[in-house]
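> Structure file target-v5.tsv (TSV, N, CA and C atoms and all ligand atoms) right here:
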chain	number	residue	atom	x	y	z
Z	17	MET	N	0.84	-1.20	0.00
Z	17	MET	CA	0.00	0.00	0.00
Z	17	MET	C	0.89	1.26	0.00
Z	18	ASP	N	0.61	2.17	-0.91
Z	18	ASP	CA	1.42	3.37	-1.01
Z	18	ASP	C	0.75	4.55	-0.33
Z	19	ASP	N	1.56	5.49	0.10
Z	19	ASP	CA	1.05	6.73	0.66
Z	19	ASP	C	0.63	7.65	-0.49
Z	20	VAL	N	-0.55	8.27	-0.39
Z	20	VAL	CA	-1.07	9.08	-1.50
Z	20	VAL	C	-0.14	10.24	-1.84
Z	21	ASP	N	0.32	10.96	-0.81
Z	21	ASP	CA	1.20	12.10	-1.06
Z	21	ASP	C	2.50	11.67	-1.73
Z	22	GLY	N	3.06	10.56	-1.22
Z	22	GLY	CA	4.29	10.05	-1.81
Z	22	GLY	C	4.08	9.61	-3.25
Z	23	PHE	N	2.94	9.01	-3.47
Z	23	PHE	CA	2.60	8.56	-4.81
Z	23	PHE	C	2.49	9.74	-5.77
Z	24	LEU	N	1.76	10.78	-5.33
Z	24	LEU	CA	1.60	11.97	-6.20
Z	24	LEU	C	2.93	12.67	-6.42
Z	25	GLN	N	3.75	12.71	-5.36
Z	25	GLN	CA	5.06	13.35	-5.50
Z	25	GLN	C	5.92	12.59	-6.50
Z	26	SER	N	5.84	11.27	-6.47
Z	26	SER	CA	6.64	10.48	-7.41
Z	26	SER	C	6.20	10.75	-8.85
Z	27	LEU	N	4.90	11.00	-9.04
Z	27	LEU	CA	4.42	11.35	-10.38
Z	27	LEU	C	4.97	12.71	-10.80
Z	28	GLU	N	4.95	13.66	-9.84
Z	28	GLU	CA	5.45	15.01	-10.09
Z	28	GLU	C	6.92	15.00	-10.51
Z	29	ASP	N	7.66	14.09	-9.90
Z	29	ASP	CA	9.10	14.03	-10.13
Z	29	ASP	C	9.48	13.42	-11.48
Z	30	MET	N	8.51	12.83	-12.14
Z	30	MET	CA	8.79	12.18	-13.43
Z	30	MET	C	8.86	13.20	-14.56
Z	31	THR	N	9.51	12.80	-15.62
Z	31	THR	CA	9.46	13.63	-16.82
Z	31	THR	C	8.03	13.58	-17.36
Z	32	PRO	N	7.59	14.59	-18.12
Z	32	PRO	CA	6.22	14.59	-18.64
Z	32	PRO	C	5.91	13.33	-19.43
Z	33	GLU	N	6.88	12.84	-20.18
Z	33	GLU	CA	6.66	11.63	-20.99
Z	33	GLU	C	6.43	10.41	-20.10
Z	34	LYS	N	7.28	10.28	-19.09
Z	34	LYS	CA	7.18	9.14	-18.18
Z	34	LYS	C	5.86	9.22	-17.40
Z	35	ARG	N	5.48	10.46	-16.99
Z	35	ARG	CA	4.25	10.65	-16.22
Z	35	ARG	C	3.04	10.22	-17.07
Z	36	GLU	N	3.06	10.63	-18.31
Z	36	GLU	CA	1.96	10.29	-19.21
Z	36	GLU	C	1.86	8.77	-19.37
Z	37	GLU	N	3.01	8.15	-19.49
Z	37	GLU	CA	3.08	6.70	-19.62
Z	37	GLU	C	2.48	6.01	-18.38
Z	38	GLU	N	2.86	6.53	-17.22
Z	38	GLU	CA	2.37	5.95	-15.97
Z	38	GLU	C	0.86	6.15	-15.83
Z	39	VAL	N	0.37	7.35	-16.16
Z	39	VAL	CA	-1.06	7.64	-16.06
Z	39	VAL	C	-1.84	6.70	-16.98
Z	40	GLU	N	-1.32	6.47	-18.16
Z	40	GLU	CA	-1.99	5.55	-19.08
Z	40	GLU	C	-2.02	4.14	-18.50
Z	41	ARG	N	-0.94	3.77	-17.84
Z	41	ARG	CA	-0.87	2.45	-17.22
Z	41	ARG	C	-1.91	2.34	-16.09
Z	42	PHE	N	-2.03	3.40	-15.29
Z	42	PHE	CA	-3.01	3.39	-14.20
Z	42	PHE	C	-4.43	3.41	-14.75
Z	43	LYS	N	-4.62	4.12	-15.86
Z	43	LYS	CA	-5.96	4.15	-16.47
Z	43	LYS	C	-6.40	2.74	-16.86
Z	44	SER	N	-5.45	1.93	-17.27
Z	44	SER	CA	-5.80	0.57	-17.69
Z	44	SER	C	-6.23	-0.28	-16.49
Z	45	GLN	N	-5.94	0.19	-15.27
Z	45	GLN	CA	-6.33	-0.54	-14.07
Z	45	GLN	C	-7.65	-0.02	-13.48
Z	46	CYS	N	-8.13	1.09	-14.02
Z	46	CYS	CA	-9.35	1.72	-13.50
Z	46	CYS	C	-10.58	0.89	-13.90
Z	47	ILE	N	-11.42	0.59	-12.90
Z	47	ILE	CA	-12.58	-0.27	-13.19
Z	47	ILE	C	-13.85	0.55	-13.43
Z	48	CYS	N	-13.74	1.85	-13.58
Z	48	CYS	CA	-14.91	2.69	-13.88
Z	48	CYS	C	-15.76	2.16	-15.04
Z	49	PRO	N	-15.15	1.66	-16.12
Z	49	PRO	CA	-15.99	1.22	-17.25
Z	49	PRO	C	-17.01	0.14	-16.91
Z	50	ILE	N	-16.82	-0.59	-15.81
Z	50	ILE	CA	-17.84	-1.59	-15.45
Z	50	ILE	C	-18.81	-1.06	-14.39
Z	51	CYS	N	-18.68	0.21	-14.04
Z	51	CYS	CA	-19.57	0.83	-13.05
Z	51	CYS	C	-20.85	1.32	-13.75
Z	52	PRO	N	-22.03	1.13	-13.14
Z	52	PRO	CA	-23.29	1.60	-13.73
Z	52	PRO	C	-23.32	3.12	-13.96
Z	53	THR	N	-22.52	3.85	-13.23
Z	53	THR	CA	-22.52	5.32	-13.37
Z	53	THR	C	-21.78	5.76	-14.64
Z	54	TYR	N	-20.82	4.96	-15.05
Z	54	TYR	CA	-20.01	5.30	-16.23
Z	54	TYR	C	-20.90	5.30	-17.46
Z	55	ASN	N	-20.64	6.19	-18.40
Z	55	ASN	CA	-21.54	6.26	-19.57
Z	55	ASN	C	-20.77	6.39	-20.89
Z	56	GLU	N	-21.51	6.41	-21.96
Z	56	GLU	CA	-20.93	6.44	-23.31
Z	56	GLU	C	-20.13	7.72	-23.54
Z	57	CYS	N	-20.62	8.81	-23.00
Z	57	CYS	CA	-19.92	10.09	-23.16
Z	57	CYS	C	-18.51	10.00	-22.58
Z	58	ALA	N	-18.42	9.49	-21.35
Z	58	ALA	CA	-17.11	9.35	-20.70
Z	58	ALA	C	-16.24	8.36	-21.46
Z	59	LYS	N	-16.86	7.31	-21.93
Z	59	LYS	CA	-16.11	6.30	-22.70
Z	59	LYS	C	-15.56	6.94	-23.97
Z	60	GLY	N	-16.40	7.71	-24.64
Z	60	GLY	CA	-15.99	8.35	-25.89
Z	60	GLY	C	-14.82	9.30	-25.70
Z	61	LYS	N	-14.79	9.95	-24.56
Z	61	LYS	CA	-13.70	10.90	-24.28
Z	61	LYS	C	-12.50	10.22	-23.64
Z	62	GLY	N	-12.64	8.93	-23.34
Z	62	GLY	CA	-11.54	8.21	-22.71
Z	62	GLY	C	-11.31	8.64	-21.27
Z	63	GLU	N	-12.37	9.11	-20.63
Z	63	GLU	CA	-12.23	9.56	-19.24
Z	63	GLU	C	-12.10	8.37	-18.29
Z	64	LEU	N	-11.08	8.41	-17.46
Z	64	LEU	CA	-10.80	7.35	-16.47
Z	64	LEU	C	-10.00	7.96	-15.33
Z	65	LEU	N	-9.74	7.18	-14.30
Z	65	LEU	CA	-8.84	7.59	-13.23
Z	65	LEU	C	-9.26	8.93	-12.60
Z	66	PHE	N	-10.55	9.07	-12.38
Z	66	PHE	CA	-11.09	10.31	-11.79
Z	66	PHE	C	-10.51	10.59	-10.40
Z	67	CYS	N	-10.12	9.54	-9.71
Z	67	CYS	CA	-9.57	9.71	-8.35
Z	67	CYS	C	-8.27	10.49	-8.36
Z	68	ILE	N	-7.57	10.47	-9.47
Z	68	ILE	CA	-6.31	11.19	-9.59
Z	68	ILE	C	-6.49	12.44	-10.47
Z	69	ILE	N	-7.15	12.27	-11.59
Z	69	ILE	CA	-7.26	13.35	-12.58
Z	69	ILE	C	-8.34	14.37	-12.21
Z	70	GLY	N	-9.39	13.91	-11.54
Z	70	GLY	CA	-10.48	14.81	-11.16
Z	70	GLY	C	-11.76	14.46	-11.88
Z	71	GLU	N	-12.79	15.27	-11.65
Z	71	GLU	CA	-14.14	14.92	-12.11
Z	71	GLU	C	-14.28	14.88	-13.64
Z	72	SER	N	-15.34	14.24	-14.04
Z	72	SER	CA	-15.67	14.12	-15.46
Z	72	SER	C	-15.95	15.51	-16.04
Z	73	GLU	N	-15.53	15.68	-17.27
Z	73	GLU	CA	-15.78	16.95	-17.96
Z	73	GLU	C	-17.19	16.94	-18.54
Z	74	LYS	N	-18.17	17.13	-17.68
Z	74	LYS	CA	-19.59	17.24	-18.05
Z	74	LYS	C	-20.24	15.96	-18.57
Z	75	CYS	N	-19.51	14.83	-18.60
Z	75	CYS	CA	-20.12	13.59	-19.08
Z	75	CYS	C	-20.96	12.91	-18.01
Z	76	ILE	N	-20.41	12.82	-16.81
Z	76	ILE	CA	-21.08	12.07	-15.75
Z	76	ILE	C	-21.64	13.04	-14.70
Z	77	THR	N	-22.95	13.01	-14.54
Z	77	THR	CA	-23.58	13.91	-13.56
Z	77	THR	C	-24.54	13.16	-12.64
Z	78	ASP	N	-24.85	11.91	-13.02
Z	78	ASP	CA	-25.88	11.17	-12.32
Z	78	ASP	C	-25.30	9.89	-11.71
Z	79	LYS	N	-25.21	9.84	-10.39
Z	79	LYS	CA	-24.62	8.66	-9.75
Z	79	LYS	C	-25.64	7.52	-9.64
Z	80	LYS	N	-25.21	6.34	-10.05
Z	80	LYS	CA	-26.04	5.15	-9.89
Z	80	LYS	C	-25.41	4.21	-8.84
Z	81	ASP	N	-24.12	4.12	-8.89
Z	81	ASP	CA	-23.38	3.29	-7.94
Z	81	ASP	C	-21.93	3.78	-8.03
Z	82	CYS	N	-21.06	3.28	-7.18
Z	82	CYS	CA	-19.64	3.60	-7.31
Z	82	CYS	C	-18.83	2.36	-6.94
Z	83	LEU	N	-17.97	1.96	-7.85
Z	83	LEU	CA	-17.14	0.76	-7.62
Z	83	LEU	C	-15.74	1.13	-7.14
Z	84	CYS	N	-15.53	2.39	-6.80
Z	84	CYS	CA	-14.19	2.78	-6.34
Z	84	CYS	C	-13.73	2.03	-5.08
Z	85	PRO	N	-14.59	1.84	-4.08
Z	85	PRO	CA	-14.08	1.20	-2.85
Z	85	PRO	C	-13.37	-0.13	-3.09
Z	86	PRO	N	-13.88	-1.04	-3.91
Z	86	PRO	CA	-13.15	-2.30	-4.11
Z	86	PRO	C	-12.10	-2.24	-5.22
Z	87	CYS	N	-11.92	-1.11	-5.85
Z	87	CYS	CA	-10.98	-0.99	-6.95
Z	87	CYS	C	-9.55	-1.28	-6.47
Z	88	PRO	N	-8.84	-2.16	-7.12
Z	88	PRO	CA	-7.47	-2.49	-6.68
Z	88	PRO	C	-6.54	-1.28	-6.66
Z	89	PHE	N	-6.73	-0.36	-7.61
Z	89	PHE	CA	-5.87	0.82	-7.64
Z	89	PHE	C	-6.13	1.68	-6.39
Z	90	ALA	N	-7.40	1.85	-6.04
Z	90	ALA	CA	-7.76	2.63	-4.86
Z	90	ALA	C	-7.24	1.97	-3.59
Z	91	ARG	N	-7.37	0.67	-3.52
Z	91	ARG	CA	-6.95	-0.05	-2.32
Z	91	ARG	C	-5.44	0.03	-2.14
Z	92	ARG	N	-4.75	0.03	-3.24
Z	92	ARG	CA	-3.29	0.14	-3.17
Z	92	ARG	C	-2.88	1.46	-2.52
Z	93	LEU	N	-3.66	2.51	-2.79
Z	93	LEU	CA	-3.35	3.83	-2.24
Z	93	LEU	C	-4.13	4.12	-0.97
Z	94	SER	N	-4.88	3.14	-0.53
Z	94	SER	CA	-5.65	3.29	0.69
Z	94	SER	C	-6.69	4.40	0.60
Z	95	PHE	N	-7.34	4.50	-0.52
Z	95	PHE	CA	-8.48	5.41	-0.59
Z	95	PHE	C	-9.62	4.74	-1.34
Z	96	GLY	N	-10.75	5.43	-1.42
Z	96	GLY	CA	-11.93	4.81	-2.01
Z	96	GLY	C	-12.89	4.36	-0.93
Z	97	ALA	N	-12.48	4.48	0.31
Z	97	ALA	CA	-13.36	4.10	1.41
Z	97	ALA	C	-14.04	5.33	1.99
Z	98	ARG	N	-13.26	6.33	2.29
Z	98	ARG	CA	-13.83	7.54	2.90
Z	98	ARG	C	-14.50	8.41	1.85
Z	99	TYR	N	-13.86	8.54	0.71
Z	99	TYR	CA	-14.41	9.33	-0.39
Z	99	TYR	C	-14.67	8.42	-1.58
Z	100	THR	N	-15.71	8.72	-2.31
Z	100	THR	CA	-16.00	7.93	-3.51
Z	100	THR	C	-16.57	8.86	-4.58
Z	101	THR	N	-17.06	8.28	-5.65
Z	101	THR	CA	-17.74	9.04	-6.72
Z	101	THR	C	-16.84	10.18	-7.22
Z	102	TYR	N	-15.61	9.85	-7.47
Z	102	TYR	CA	-14.63	10.85	-7.93
Z	102	TYR	C	-15.02	11.47	-9.27
Z	103	CYS	N	-15.78	10.74	-10.07
Z	103	CYS	CA	-16.18	11.26	-11.39
Z	103	CYS	C	-17.10	12.48	-11.27
Z	104	ILE	N	-17.78	12.60	-10.15
Z	104	ILE	CA	-18.68	13.74	-9.94
Z	104	ILE	C	-18.11	14.69	-8.88
Z	105	ARG	N	-17.46	14.14	-7.89
Z	105	ARG	CA	-17.03	14.96	-6.75
Z	105	ARG	C	-15.59	15.45	-6.82
Z	106	GLY	N	-14.84	14.94	-7.78
Z	106	GLY	CA	-13.44	15.39	-7.89
Z	106	GLY	C	-12.47	14.39	-7.27
Z	107	SER	N	-11.19	14.65	-7.46
Z	107	SER	CA	-10.14	13.71	-7.06
Z	107	SER	C	-10.01	13.54	-5.55
Z	108	GLU	N	-9.26	12.54	-5.15
Z	108	GLU	CA	-9.00	12.29	-3.73
Z	108	GLU	C	-8.39	13.53	-3.08
Z	109	VAL	N	-7.44	14.13	-3.74
Z	109	VAL	CA	-6.77	15.31	-3.18
Z	109	VAL	C	-7.76	16.47	-3.03
Z	110	GLU	N	-8.62	16.65	-4.01
Z	110	GLU	CA	-9.63	17.72	-3.93
Z	110	GLU	C	-10.57	17.50	-2.75
Z	111	HIS	N	-10.88	16.25	-2.46
Z	111	HIS	CA	-11.73	15.93	-1.32
Z	111	HIS	C	-11.07	16.36	-0.01
Z	112	GLN	N	-9.75	16.18	0.02
Z	112	GLN	CA	-9.03	16.40	1.28
Z	112	GLN	C	-8.78	17.88	1.54
Z	113	GLU	N	-8.96	18.72	0.53
Z	113	GLU	CA	-8.67	20.16	0.70
Z	113	GLU	C	-9.78	20.86	1.48
Z	201	LIG	S1	-10.64	4.45	-7.54
Z	201	LIG	FE1	-12.33	4.73	-8.98
Z	201	LIG	S2	-11.64	6.37	-10.35
Z	201	LIG	FE2	-9.83	5.56	-9.31
Z	201	LIG	S3	-8.98	3.99	-10.63
Z	201	LIG	FE3	-10.38	2.97	-9.23
Z	201	LIG	S4	-12.36	2.88	-10.23
Z	201	LIG	FE4	-11.10	4.41	-11.32
Z	202	LIG	S1	-15.63	7.20	-10.06
Z	202	LIG	FE1	-16.89	5.70	-8.95
Z	202	LIG	S2	-19.01	6.35	-9.51
Z	202	LIG	FE2	-17.65	7.27	-11.00
Z	202	LIG	S3	-17.62	5.82	-12.72
Z	202	LIG	FE3	-15.84	5.39	-11.40
Z	202	LIG	S4	-16.53	3.74	-10.06
Z	202	LIG	FE4	-18.36	4.71	-10.93
Using the file provided, produce a representation of the structure as structure tokens.

Amino acid sequence: MDDVDGFLQSLEDMTPEKREEEVERFKSQCICPICPTYNECAKGKGELLFCIIGESEKCITDKKDCLCPPCPFARRLSFGARYTTYCIRGSEVEHQE
């Protein structure tokens, strides 16, 4: 399990190319596409990893369920329990501010 701040700092420390590569890798682990809240608009825009990137750009406004709590990526960073629905409410860091 990684510390969220340490994790974000490690992303910050990467070159833009490496960071982009890592974000794409994390996106592939995001289980949002199997969540009932996820929709065609978000899929079309390739929106994923809302917990890190932040809320959906006007695609997702209606919550049906949230699969973030059991998401392996969230569990690795020890979040998804206290805050959820990142696609509407914003990233983990935004929640904590
Ligand atoms: S916690 Fe939610 S938004 Fe983040 S990767 Fe998992 S399913 Fe996607
Ligand atoms: S952030 Fe949560 S509610 Fe939104 S699509 Fe992903 S799993 Fe579903």
> Would you pick out the contacts of Arg105 in chain Z at 8 Å or less, using all atoms listed in the file, so that residues sharing its chain but fewer than 4 positions from it are not included, and give the list as a list in words?
Phe66, Gly70, Glu71, Ser72, Thr100, Thr101, Glu110 and His111 of chain Z
> Given only N, CA and C atoms and all ligand atoms as the basis, pick out the residue of Z:Pro49, Z:Gly60, Z:Pro32, Z:Pro88 nearest to ligand LIG 202 (chain Z).
Z:Pro49
> For ligand LIG 202 (chain Z), which residue among Z:Glu63, Z:Ala90, Z:Cys75, Z:Thr53 is the nearest when counting only C-alpha atoms and all ligand atoms?
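Nearest to ligand LIG 202 (chain Z): Z:Thr53.
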> Report, as AutoDock Vina command-line options, the centre and edge lengths in Å (one decimal) of the axis-aligned box enclosing every listed atom of ligand LIG 202 (chain Z), padded by 6 Å on each side.

--center_x -17.3 --center_y 5.5 --center_z -10.8 --size_x 15.4 --size_y 15.5 --size_z 15.8
> Produce as a ChimeraX atom specification the set of residues near ligand LIG 202 (chain Z), where near means within 7 Å with only C-alpha atoms and all ligand atoms considered.
/Z:47-49,51-54,66-67,79,81-84,100-104
> Tell me which of Z:Phe42, Z:Lys74, Z:Ser94, Z:Asp19 sits closest to Cys57 in chain Z, counting only N, CA and C atoms.
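Looking only at the distances to Cys57 in chain Z, the closest residue turns out to be Z:Lys74.
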> Extract range 66-105 of chain Z from the preceding block and save N, CA and C atoms as a compact mmCIF listing (two decimals), in the first residue's frame.

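Printed below is out-v1.txt as written:
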# COMPACT_ATOMS: atom_id res chain seq x y z
N PHE Z 66 -10.55 9.07 -12.38
CA PHE Z 66 -11.09 10.31 -11.79
C PHE Z 66 -10.51 10.59 -10.40
N CYS Z 67 -10.12 9.54 -9.71
CA CYS Z 67 -9.57 9.71 -8.35
C CYS Z 67 -8.27 10.49 -8.36
N ILE Z 68 -7.57 10.47 -9.47
CA ILE Z 68 -6.31 11.19 -9.59
C ILE Z 68 -6.49 12.44 -10.47
N ILE Z 69 -7.15 12.27 -11.59
CA ILE Z 69 -7.26 13.35 -12.58
C ILE Z 69 -8.34 14.37 -12.21
N GLY Z 70 -9.39 13.91 -11.54
CA GLY Z 70 -10.48 14.81 -11.16
C GLY Z 70 -11.76 14.46 -11.88
N GLU Z 71 -12.79 15.27 -11.65
CA GLU Z 71 -14.14 14.92 -12.11
C GLU Z 71 -14.28 14.88 -13.64
N SER Z 72 -15.34 14.24 -14.04
CA SER Z 72 -15.67 14.12 -15.46
C SER Z 72 -15.95 15.51 -16.04
N GLU Z 73 -15.53 15.68 -17.27
CA GLU Z 73 -15.78 16.95 -17.96
C GLU Z 73 -17.19 16.94 -18.54
N LYS Z 74 -18.17 17.13 -17.68
CA LYS Z 74 -19.59 17.24 -18.05
C LYS Z 74 -20.24 15.96 -18.57
N CYS Z 75 -19.51 14.83 -18.60
CA CYS Z 75 -20.12 13.59 -19.08
C CYS Z 75 -20.96 12.91 -18.01
N ILE Z 76 -20.41 12.82 -16.81
CA ILE Z 76 -21.08 12.07 -15.75
C ILE Z 76 -21.64 13.04 -14.70
N THR Z 77 -22.95 13.01 -14.54
CA THR Z 77 -23.58 13.91 -13.56
C THR Z 77 -24.54 13.16 -12.64
N ASP Z 78 -24.85 11.91 -13.02
CA ASP Z 78 -25.88 11.17 -12.32
C ASP Z 78 -25.30 9.89 -11.71
N LYS Z 79 -25.21 9.84 -10.39
CA LYS Z 79 -24.62 8.66 -9.75
C LYS Z 79 -25.64 7.52 -9.64
N LYS Z 80 -25.21 6.34 -10.05
CA LYS Z 80 -26.04 5.15 -9.89
C LYS Z 80 -25.41 4.21 -8.84
N ASP Z 81 -24.12 4.12 -8.89
CA ASP Z 81 -23.38 3.29 -7.94
C ASP Z 81 -21.93 3.78 -8.03
N CYS Z 82 -21.06 3.28 -7.18
CA CYS Z 82 -19.64 3.60 -7.31
C CYS Z 82 -18.83 2.36 -6.94
N LEU Z 83 -17.97 1.96 -7.85
CA LEU Z 83 -17.14 0.76 -7.62
C LEU Z 83 -15.74 1.13 -7.14
N CYS Z 84 -15.53 2.39 -6.80
CA CYS Z 84 -14.19 2.78 -6.34
C CYS Z 84 -13.73 2.03 -5.08
N PRO Z 85 -14.59 1.84 -4.08
CA PRO Z 85 -14.08 1.20 -2.85
C PRO Z 85 -13.37 -0.13 -3.09
N PRO Z 86 -13.88 -1.04 -3.91
CA PRO Z 86 -13.15 -2.30 -4.11
C PRO Z 86 -12.10 -2.24 -5.22
N CYS Z 87 -11.92 -1.11 -5.85
CA CYS Z 87 -10.98 -0.99 -6.95
C CYS Z 87 -9.55 -1.28 -6.47
N PRO Z 88 -8.84 -2.16 -7.12
CA PRO Z 88 -7.47 -2.49 -6.68
C PRO Z 88 -6.54 -1.28 -6.66
N PHE Z 89 -6.73 -0.36 -7.61
CA PHE Z 89 -5.87 0.82 -7.64
C PHE Z 89 -6.13 1.68 -6.39
N ALA Z 90 -7.40 1.85 -6.04
CA ALA Z 90 -7.76 2.63 -4.86
C ALA Z 90 -7.24 1.97 -3.59
N ARG Z 91 -7.37 0.67 -3.52
CA ARG Z 91 -6.95 -0.05 -2.32
C ARG Z 91 -5.44 0.03 -2.14
N ARG Z 92 -4.75 0.03 -3.24
CA ARG Z 92 -3.29 0.14 -3.17
C ARG Z 92 -2.88 1.46 -2.52
N LEU Z 93 -3.66 2.51 -2.79
CA LEU Z 93 -3.35 3.83 -2.24
C LEU Z 93 -4.13 4.12 -0.97
N SER Z 94 -4.88 3.14 -0.53
CA SER Z 94 -5.65 3.29 0.69
C SER Z 94 -6.69 4.40 0.60
N PHE Z 95 -7.34 4.50 -0.52
CA PHE Z 95 -8.48 5.41 -0.59
C PHE Z 95 -9.62 4.74 -1.34
N GLY Z 96 -10.75 5.43 -1.42
CA GLY Z 96 -11.93 4.81 -2.01
C GLY Z 96 -12.89 4.36 -0.93
N ALA Z 97 -12.48 4.48 0.31
CA ALA Z 97 -13.36 4.10 1.41
C ALA Z 97 -14.04 5.33 1.99
N ARG Z 98 -13.26 6.33 2.29
CA ARG Z 98 -13.83 7.54 2.90
C ARG Z 98 -14.50 8.41 1.85
N TYR Z 99 -13.86 8.54 0.71
CA TYR Z 99 -14.41 9.33 -0.39
C TYR Z 99 -14.67 8.42 -1.58
N THR Z 100 -15.71 8.72 -2.31
CA THR Z 100 -16.00 7.93 -3.51
C THR Z 100 -16.57 8.86 -4.58
N THR Z 101 -17.06 8.28 -5.65
CA THR Z 101 -17.74 9.04 -6.72
C THR Z 101 -16.84 10.18 -7.22
N TYR Z 102 -15.61 9.85 -7.47
CA TYR Z 102 -14.63 10.85 -7.93
C TYR Z 102 -15.02 11.47 -9.27
N CYS Z 103 -15.78 10.74 -10.07
CA CYS Z 103 -16.18 11.26 -11.39
C CYS Z 103 -17.10 12.48 -11.27
N ILE Z 104 -17.78 12.60 -10.15
CA ILE Z 104 -18.68 13.74 -9.94
C ILE Z 104 -18.11 14.69 -8.88
N ARG Z 105 -17.46 14.14 -7.89
CA ARG Z 105 -17.03 14.96 -6.75
C ARG Z 105 -15.59 15.45 -6.82
